[in-house]
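This is data_13.cif (mmCIF, C-alpha atoms).
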```
data_target
loop_
_atom_site.group_PDB
_atom_site.id
_atom_site.type_symbol
_atom_site.label_atom_id
_atom_site.label_comp_id
_atom_site.auth_asym_id
_atom_site.auth_seq_id
_atom_site.Cartn_x
_atom_site.Cartn_y
_atom_site.Cartn_z
ATOM 1 C CA MET A 1 65.128 -20.189 -26.261
ATOM 2 C CA GLY A 2 62.062 -21.469 -28.011
ATOM 3 C CA VAL A 3 58.792 -19.582 -28.026
ATOM 4 C CA GLU A 4 55.075 -20.342 -28.015
ATOM 5 C CA ILE A 5 51.903 -18.345 -28.537
ATOM 6 C CA VAL A 6 49.814 -18.295 -25.349
ATOM 7 C CA ARG A 7 46.162 -17.228 -25.092
ATOM 8 C CA VAL A 8 45.732 -14.726 -22.233
ATOM 9 C CA PRO A 9 43.074 -12.248 -21.037
ATOM 10 C CA ALA A 10 43.258 -8.800 -22.636
ATOM 11 C CA ASP A 11 44.189 -7.298 -19.253
ATOM 12 C CA TRP A 12 46.760 -9.998 -18.397
ATOM 13 C CA ASP A 13 49.790 -9.168 -16.280
ATOM 14 C CA HIS A 14 52.324 -11.959 -15.862
ATOM 15 C CA PRO A 15 52.837 -12.741 -12.152
ATOM 16 C CA VAL A 16 55.827 -11.104 -10.431
ATOM 17 C CA ASP A 17 57.692 -11.750 -7.172
ATOM 18 C CA GLU A 18 58.092 -9.398 -4.213
ATOM 19 C CA GLU A 19 60.800 -7.425 -6.056
ATOM 20 C CA GLY A 20 58.654 -7.023 -9.159
ATOM 21 C CA GLU A 21 60.657 -9.569 -11.194
ATOM 22 C CA LEU A 22 58.753 -11.850 -13.575
ATOM 23 C CA LEU A 23 58.142 -15.297 -12.088
ATOM 24 C CA GLU A 24 59.276 -18.007 -14.495
ATOM 25 C CA GLY A 25 56.262 -20.195 -15.177
ATOM 26 C CA GLY A 26 54.032 -17.937 -13.105
ATOM 27 C CA HIS A 27 51.422 -17.988 -15.866
ATOM 28 C CA HIS A 28 50.840 -21.730 -15.967
ATOM 29 C CA GLU A 29 48.524 -22.247 -12.997
ATOM 30 C CA PRO A 30 46.404 -19.073 -13.281
ATOM 31 C CA LEU A 31 45.855 -19.565 -17.024
ATOM 32 C CA TYR A 32 45.169 -23.289 -16.611
ATOM 33 C CA ARG A 33 42.448 -22.571 -14.040
ATOM 34 C CA MET A 34 40.955 -19.697 -16.056
ATOM 35 C CA ASP A 35 37.860 -20.091 -18.226
ATOM 36 C CA ASP A 36 38.903 -20.211 -21.893
ATOM 37 C CA GLY A 37 36.303 -17.556 -22.726
ATOM 38 C CA ARG A 38 38.359 -14.971 -20.811
ATOM 39 C CA LYS A 39 41.512 -15.726 -22.842
ATOM 40 C CA THR A 40 40.815 -13.515 -25.852
ATOM 41 C CA ALA A 41 44.285 -12.033 -26.445
ATOM 42 C CA PHE A 42 47.705 -13.375 -27.397
ATOM 43 C CA GLN A 43 51.194 -13.149 -25.937
ATOM 44 C CA LEU A 44 54.468 -14.745 -26.965
ATOM 45 C CA TYR A 45 56.258 -16.670 -24.203
ATOM 46 C CA GLU A 46 59.677 -18.280 -24.156
ATOM 47 C CA ASN A 47 59.311 -21.956 -23.354
ATOM 48 C CA VAL A 48 62.748 -23.459 -22.778
ATOM 49 C CA SER A 49 62.620 -22.644 -19.071
ATOM 50 C CA ASP A 50 59.257 -22.449 -17.301
ATOM 51 C CA GLY A 51 58.503 -19.365 -19.376
ATOM 52 C CA ILE A 52 58.295 -15.602 -19.263
ATOM 53 C CA PRO A 53 56.605 -13.261 -21.756
ATOM 54 C CA VAL A 54 58.652 -11.846 -24.621
ATOM 55 C CA SER A 55 55.903 -9.709 -26.183
ATOM 56 C CA PRO A 56 53.172 -7.418 -24.957
ATOM 57 C CA VAL A 57 49.602 -8.730 -24.782
ATOM 58 C CA LEU A 58 48.019 -8.191 -28.207
ATOM 59 C CA ALA A 59 44.373 -8.442 -29.213
ATOM 60 C CA THR A 60 44.808 -10.694 -32.275
ATOM 61 C CA ARG A 61 47.266 -13.162 -33.785
ATOM 62 C CA GLU A 62 47.655 -10.690 -36.653
ATOM 63 C CA ALA A 63 48.637 -7.925 -34.222
ATOM 64 C CA LEU A 64 51.139 -10.309 -32.628
ATOM 65 C CA ALA A 65 52.575 -11.139 -36.061
ATOM 66 C CA GLU A 66 52.857 -7.436 -36.893
ATOM 67 C CA TRP A 67 54.623 -6.724 -33.590
ATOM 68 C CA LEU A 68 57.046 -9.604 -34.187
ATOM 69 C CA ALA A 69 57.785 -8.437 -37.746
ATOM 70 C CA GLN A 70 58.526 -4.946 -36.419
ATOM 71 C CA ASN A 71 60.875 -6.525 -33.890
ATOM 72 C CA GLY A 72 63.049 -8.443 -36.332
ATOM 73 C CA TRP A 73 61.236 -11.697 -37.053
ATOM 74 C CA SER A 74 61.667 -12.886 -40.643
ATOM 75 C CA ALA A 75 58.664 -13.770 -42.796
ATOM 76 C CA GLU A 76 59.758 -17.425 -42.787
ATOM 77 C CA ALA A 77 60.031 -17.576 -38.979
ATOM 78 C CA LEU A 78 56.650 -15.840 -38.579
ATOM 79 C CA GLU A 79 54.992 -18.249 -40.982
ATOM 80 C CA PHE A 80 56.344 -21.226 -39.012
ATOM 81 C CA LEU A 81 55.309 -19.752 -35.648
ATOM 82 C CA LEU A 82 51.772 -18.901 -36.775
ATOM 83 C CA ALA A 83 51.293 -22.300 -38.419
ATOM 84 C CA ASN A 84 52.564 -24.285 -35.429
ATOM 85 C CA GLY A 85 51.916 -22.067 -32.406
ATOM 86 C CA HIS A 86 55.522 -22.459 -31.306
ATOM 87 C CA ALA A 87 59.004 -22.189 -32.776
ATOM 88 C CA PRO A 88 62.541 -23.143 -31.818
ATOM 89 C CA SER A 89 65.043 -20.358 -31.528
ATOM 90 C CA MET A 90 67.876 -22.380 -32.990
ATOM 91 C CA VAL A 91 68.464 -25.675 -34.720
ATOM 92 C CA LYS A 92 71.939 -27.147 -34.477
ATOM 93 C CA ARG A 93 73.120 -29.528 -37.139
ATOM 94 C CA LEU A 94 75.502 -32.241 -36.052
#
```

Please express what this file holds, its structure, as structure tokens.
Amino acid sequence: MGVEIVRVPADWDHPVDEEGELLEGGHHEPLYRMDDGRKTAFQLYENVSDGIPVSPVLATREALAEWLAQNGWSAEALEFLLANGHAPSMVKRL
């Protein structure tokens, strides 16, 4: 899976279905329609499918980077993600 940094409100909860399961891509429409001024926090989403969150909502990009480092991201991968806003999970050489 690839990942991308998504701006979300500080009190954001990703939409869920009737069973409480995360809805893939459930964030797209509500965040698209939302005023950018409300999106003050950051969350990492996978983006190969329609997307589900893979991190908690964090107040700053630095807090997101710290959380990712504590959860096994290498310095090189973090640098790429923060510079580009997204990162592949794997590159296959042919």

Proximity to Thr40 in chain A - best of A:Gly72, A:Pro56, A:Pro9, A:Pro88, all atoms listed in the file = A:Pro9

Written as a PyMOL selection string, which residues does the PyMOL selection byres ((chain A and resi 22-38) around 12) give for the file shown?
-> chain A and resi 6-21+39-54

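The neighbours of His86 in chain A here are the residues that come within 8 Å of it, using only C-alpha atoms and leaving out any residue fewer than 2 positions away in the same chain; they are A:Gly2, A:Val3, A:Glu4, A:Ile5, A:Phe80, A:Leu81, A:Leu82, A:Asn84, A:Pro88.
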
Centre and size of axis-aligned box enclosing range 82-86 of chain A plus 5 Å each side, as lines of an AutoDock Vina configuration file:
```
center_x = 53.4
center_y = -21.6
center_z = -34.9
size_x = 14.2
size_y = 15.4
size_z = 17.1
```

Distance of CA of Leu58 in chain A from CA of Gln70 in chain A, expressed in Å to one decimal place =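 So the two atoms, CA of Gln70 in chain A and CA of Leu58 in chain A, lie 13.7 Å apart.
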
Of the candidates A:Gly85, A:Leu68, A:Trp73, A:Leu78, which one gets nearest to Ser55 in chain A if we count all atoms listed in the file?
->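 The shortest atom-to-atom distance to Ser55 in chain A comes from A:Leu68.
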
Please reconstruct the missing atoms of range 17-28 of chain A (target: all heavy atoms) and return them as a PDB file, keeping the file's coordinate frame.
```
ATOM      1  N   ASP A  17      57.346 -11.475  -8.565  1.00  0.00           N
ATOM      2  CA  ASP A  17      57.692 -11.750  -7.172  1.00  0.00           C
ATOM      3  C   ASP A  17      57.674 -10.464  -6.357  1.00  0.00           C
ATOM      4  O   ASP A  17      57.268  -9.410  -6.855  1.00  0.00           O
ATOM      5  CB  ASP A  17      59.041 -12.467  -7.071  1.00  0.00           C
ATOM      6  CG  ASP A  17      60.212 -11.640  -7.569  1.00  0.00           C
ATOM      7  OD1 ASP A  17      60.092 -10.394  -7.689  1.00  0.00           O
ATOM      8  OD2 ASP A  17      61.285 -12.223  -7.825  1.00  0.00           O
ATOM      9  N   GLU A  18      58.121 -10.543  -5.120  1.00  0.00           N
ATOM     10  CA  GLU A  18      58.092  -9.398  -4.213  1.00  0.00           C
ATOM     11  C   GLU A  18      58.919  -8.212  -4.717  1.00  0.00           C
ATOM     12  O   GLU A  18      58.644  -7.070  -4.385  1.00  0.00           O
ATOM     13  CB  GLU A  18      58.606  -9.793  -2.819  1.00  0.00           C
ATOM     14  CG  GLU A  18      57.807 -10.873  -2.130  1.00  0.00           C
ATOM     15  CD  GLU A  18      58.165 -12.280  -2.617  1.00  0.00           C
ATOM     16  OE1 GLU A  18      59.326 -12.526  -3.038  1.00  0.00           O
ATOM     17  OE2 GLU A  18      57.271 -13.140  -2.600  1.00  0.00           O
ATOM     18  N   GLU A  19      59.945  -8.486  -5.506  1.00  0.00           N
ATOM     19  CA  GLU A  19      60.800  -7.425  -6.056  1.00  0.00           C
ATOM     20  C   GLU A  19      60.300  -6.909  -7.400  1.00  0.00           C
ATOM     21  O   GLU A  19      60.935  -6.063  -8.019  1.00  0.00           O
ATOM     22  CB  GLU A  19      62.251  -7.919  -6.204  1.00  0.00           C
ATOM     23  CG  GLU A  19      62.981  -8.098  -4.884  1.00  0.00           C
ATOM     24  CD  GLU A  19      62.692  -9.467  -4.259  1.00  0.00           C
ATOM     25  OE1 GLU A  19      62.584 -10.446  -5.009  1.00  0.00           O
ATOM     26  OE2 GLU A  19      62.553  -9.526  -3.032  1.00  0.00           O
ATOM     27  N   GLY A  20      59.192  -7.453  -7.882  1.00  0.00           N
ATOM     28  CA  GLY A  20      58.654  -7.023  -9.159  1.00  0.00           C
ATOM     29  C   GLY A  20      59.246  -7.745 -10.358  1.00  0.00           C
ATOM     30  O   GLY A  20      58.986  -7.374 -11.498  1.00  0.00           O
ATOM     31  N   GLU A  21      60.055  -8.788 -10.113  1.00  0.00           N
ATOM     32  CA  GLU A  21      60.657  -9.569 -11.194  1.00  0.00           C
ATOM     33  C   GLU A  21      59.657 -10.607 -11.691  1.00  0.00           C
ATOM     34  O   GLU A  21      58.899 -11.196 -10.901  1.00  0.00           O
ATOM     35  CB  GLU A  21      61.926 -10.277 -10.706  1.00  0.00           C
ATOM     36  CG  GLU A  21      63.021  -9.330 -10.253  1.00  0.00           C
ATOM     37  CD  GLU A  21      63.601  -8.514 -11.391  1.00  0.00           C
ATOM     38  OE1 GLU A  21      63.748  -9.060 -12.505  1.00  0.00           O
ATOM     39  OE2 GLU A  21      63.898  -7.329 -11.163  1.00  0.00           O
ATOM     40  N   LEU A  22      59.648 -10.846 -13.003  1.00  0.00           N
ATOM     41  CA  LEU A  22      58.753 -11.850 -13.575  1.00  0.00           C
ATOM     42  C   LEU A  22      59.043 -13.227 -12.986  1.00  0.00           C
ATOM     43  O   LEU A  22      60.203 -13.620 -12.872  1.00  0.00           O
ATOM     44  CB  LEU A  22      58.927 -11.908 -15.092  1.00  0.00           C
ATOM     45  CG  LEU A  22      58.530 -10.655 -15.867  1.00  0.00           C
ATOM     46  CD1 LEU A  22      58.915 -10.807 -17.331  1.00  0.00           C
ATOM     47  CD2 LEU A  22      57.051 -10.377 -15.737  1.00  0.00           C
ATOM     48  N   LEU A  23      58.002 -13.936 -12.600  1.00  0.00           N
ATOM     49  CA  LEU A  23      58.142 -15.297 -12.088  1.00  0.00           C
ATOM     50  C   LEU A  23      58.145 -16.267 -13.258  1.00  0.00           C
ATOM     51  O   LEU A  23      57.156 -16.361 -14.002  1.00  0.00           O
ATOM     52  CB  LEU A  23      56.979 -15.644 -11.157  1.00  0.00           C
ATOM     53  CG  LEU A  23      56.987 -15.014  -9.784  1.00  0.00           C
ATOM     54  CD1 LEU A  23      55.668 -15.292  -9.073  1.00  0.00           C
ATOM     55  CD2 LEU A  23      58.147 -15.547  -8.965  1.00  0.00           C
ATOM     56  N   GLU A  24      59.244 -17.008 -13.429  1.00  0.00           N
ATOM     57  CA  GLU A  24      59.276 -18.007 -14.495  1.00  0.00           C
ATOM     58  C   GLU A  24      58.171 -19.010 -14.259  1.00  0.00           C
ATOM     59  O   GLU A  24      58.036 -19.551 -13.170  1.00  0.00           O
ATOM     60  CB  GLU A  24      60.626 -18.721 -14.534  1.00  0.00           C
ATOM     61  CG  GLU A  24      61.712 -17.906 -15.159  1.00  0.00           C
ATOM     62  CD  GLU A  24      62.954 -18.727 -15.446  1.00  0.00           C
ATOM     63  OE1 GLU A  24      62.855 -19.964 -15.584  1.00  0.00           O
ATOM     64  OE2 GLU A  24      64.022 -18.110 -15.540  1.00  0.00           O
ATOM     65  N   GLY A  25      57.358 -19.238 -15.263  1.00  0.00           N
ATOM     66  CA  GLY A  25      56.262 -20.195 -15.177  1.00  0.00           C
ATOM     67  C   GLY A  25      55.072 -19.718 -14.369  1.00  0.00           C
ATOM     68  O   GLY A  25      54.127 -20.471 -14.159  1.00  0.00           O
ATOM     69  N   GLY A  26      55.101 -18.466 -13.933  1.00  0.00           N
ATOM     70  CA  GLY A  26      54.032 -17.937 -13.105  1.00  0.00           C
ATOM     71  C   GLY A  26      52.683 -17.894 -13.795  1.00  0.00           C
ATOM     72  O   GLY A  26      51.655 -17.739 -13.145  1.00  0.00           O
ATOM     73  N   HIS A  27      52.676 -18.040 -15.109  1.00  0.00           N
ATOM     74  CA  HIS A  27      51.422 -17.988 -15.866  1.00  0.00           C
ATOM     75  C   HIS A  27      50.705 -19.325 -15.937  1.00  0.00           C
ATOM     76  O   HIS A  27      49.511 -19.378 -16.175  1.00  0.00           O
ATOM     77  CB  HIS A  27      51.701 -17.486 -17.284  1.00  0.00           C
ATOM     78  CG  HIS A  27      52.580 -18.395 -18.088  1.00  0.00           C
ATOM     79  ND1 HIS A  27      53.892 -18.646 -17.747  1.00  0.00           N
ATOM     80  CD2 HIS A  27      52.336 -19.116 -19.203  1.00  0.00           C
ATOM     81  CE1 HIS A  27      54.423 -19.471 -18.640  1.00  0.00           C
ATOM     82  NE2 HIS A  27      53.496 -19.776 -19.528  1.00  0.00           N
ATOM     83  N   HIS A  28      51.430 -20.410 -15.733  1.00  0.00           N
ATOM     84  CA  HIS A  28      50.840 -21.730 -15.967  1.00  0.00           C
ATOM     85  C   HIS A  28      49.581 -21.979 -15.144  1.00  0.00           C
ATOM     86  O   HIS A  28      48.524 -22.273 -15.700  1.00  0.00           O
ATOM     87  CB  HIS A  28      51.863 -22.848 -15.713  1.00  0.00           C
ATOM     88  CG  HIS A  28      52.961 -22.890 -16.708  1.00  0.00           C
ATOM     89  ND1 HIS A  28      52.754 -23.163 -18.034  1.00  0.00           N
ATOM     90  CD2 HIS A  28      54.295 -22.668 -16.579  1.00  0.00           C
ATOM     91  CE1 HIS A  28      53.899 -23.123 -18.690  1.00  0.00           C
ATOM     92  NE2 HIS A  28      54.852 -22.825 -17.825  1.00  0.00           N
TER      93      HIS A  28
END
```
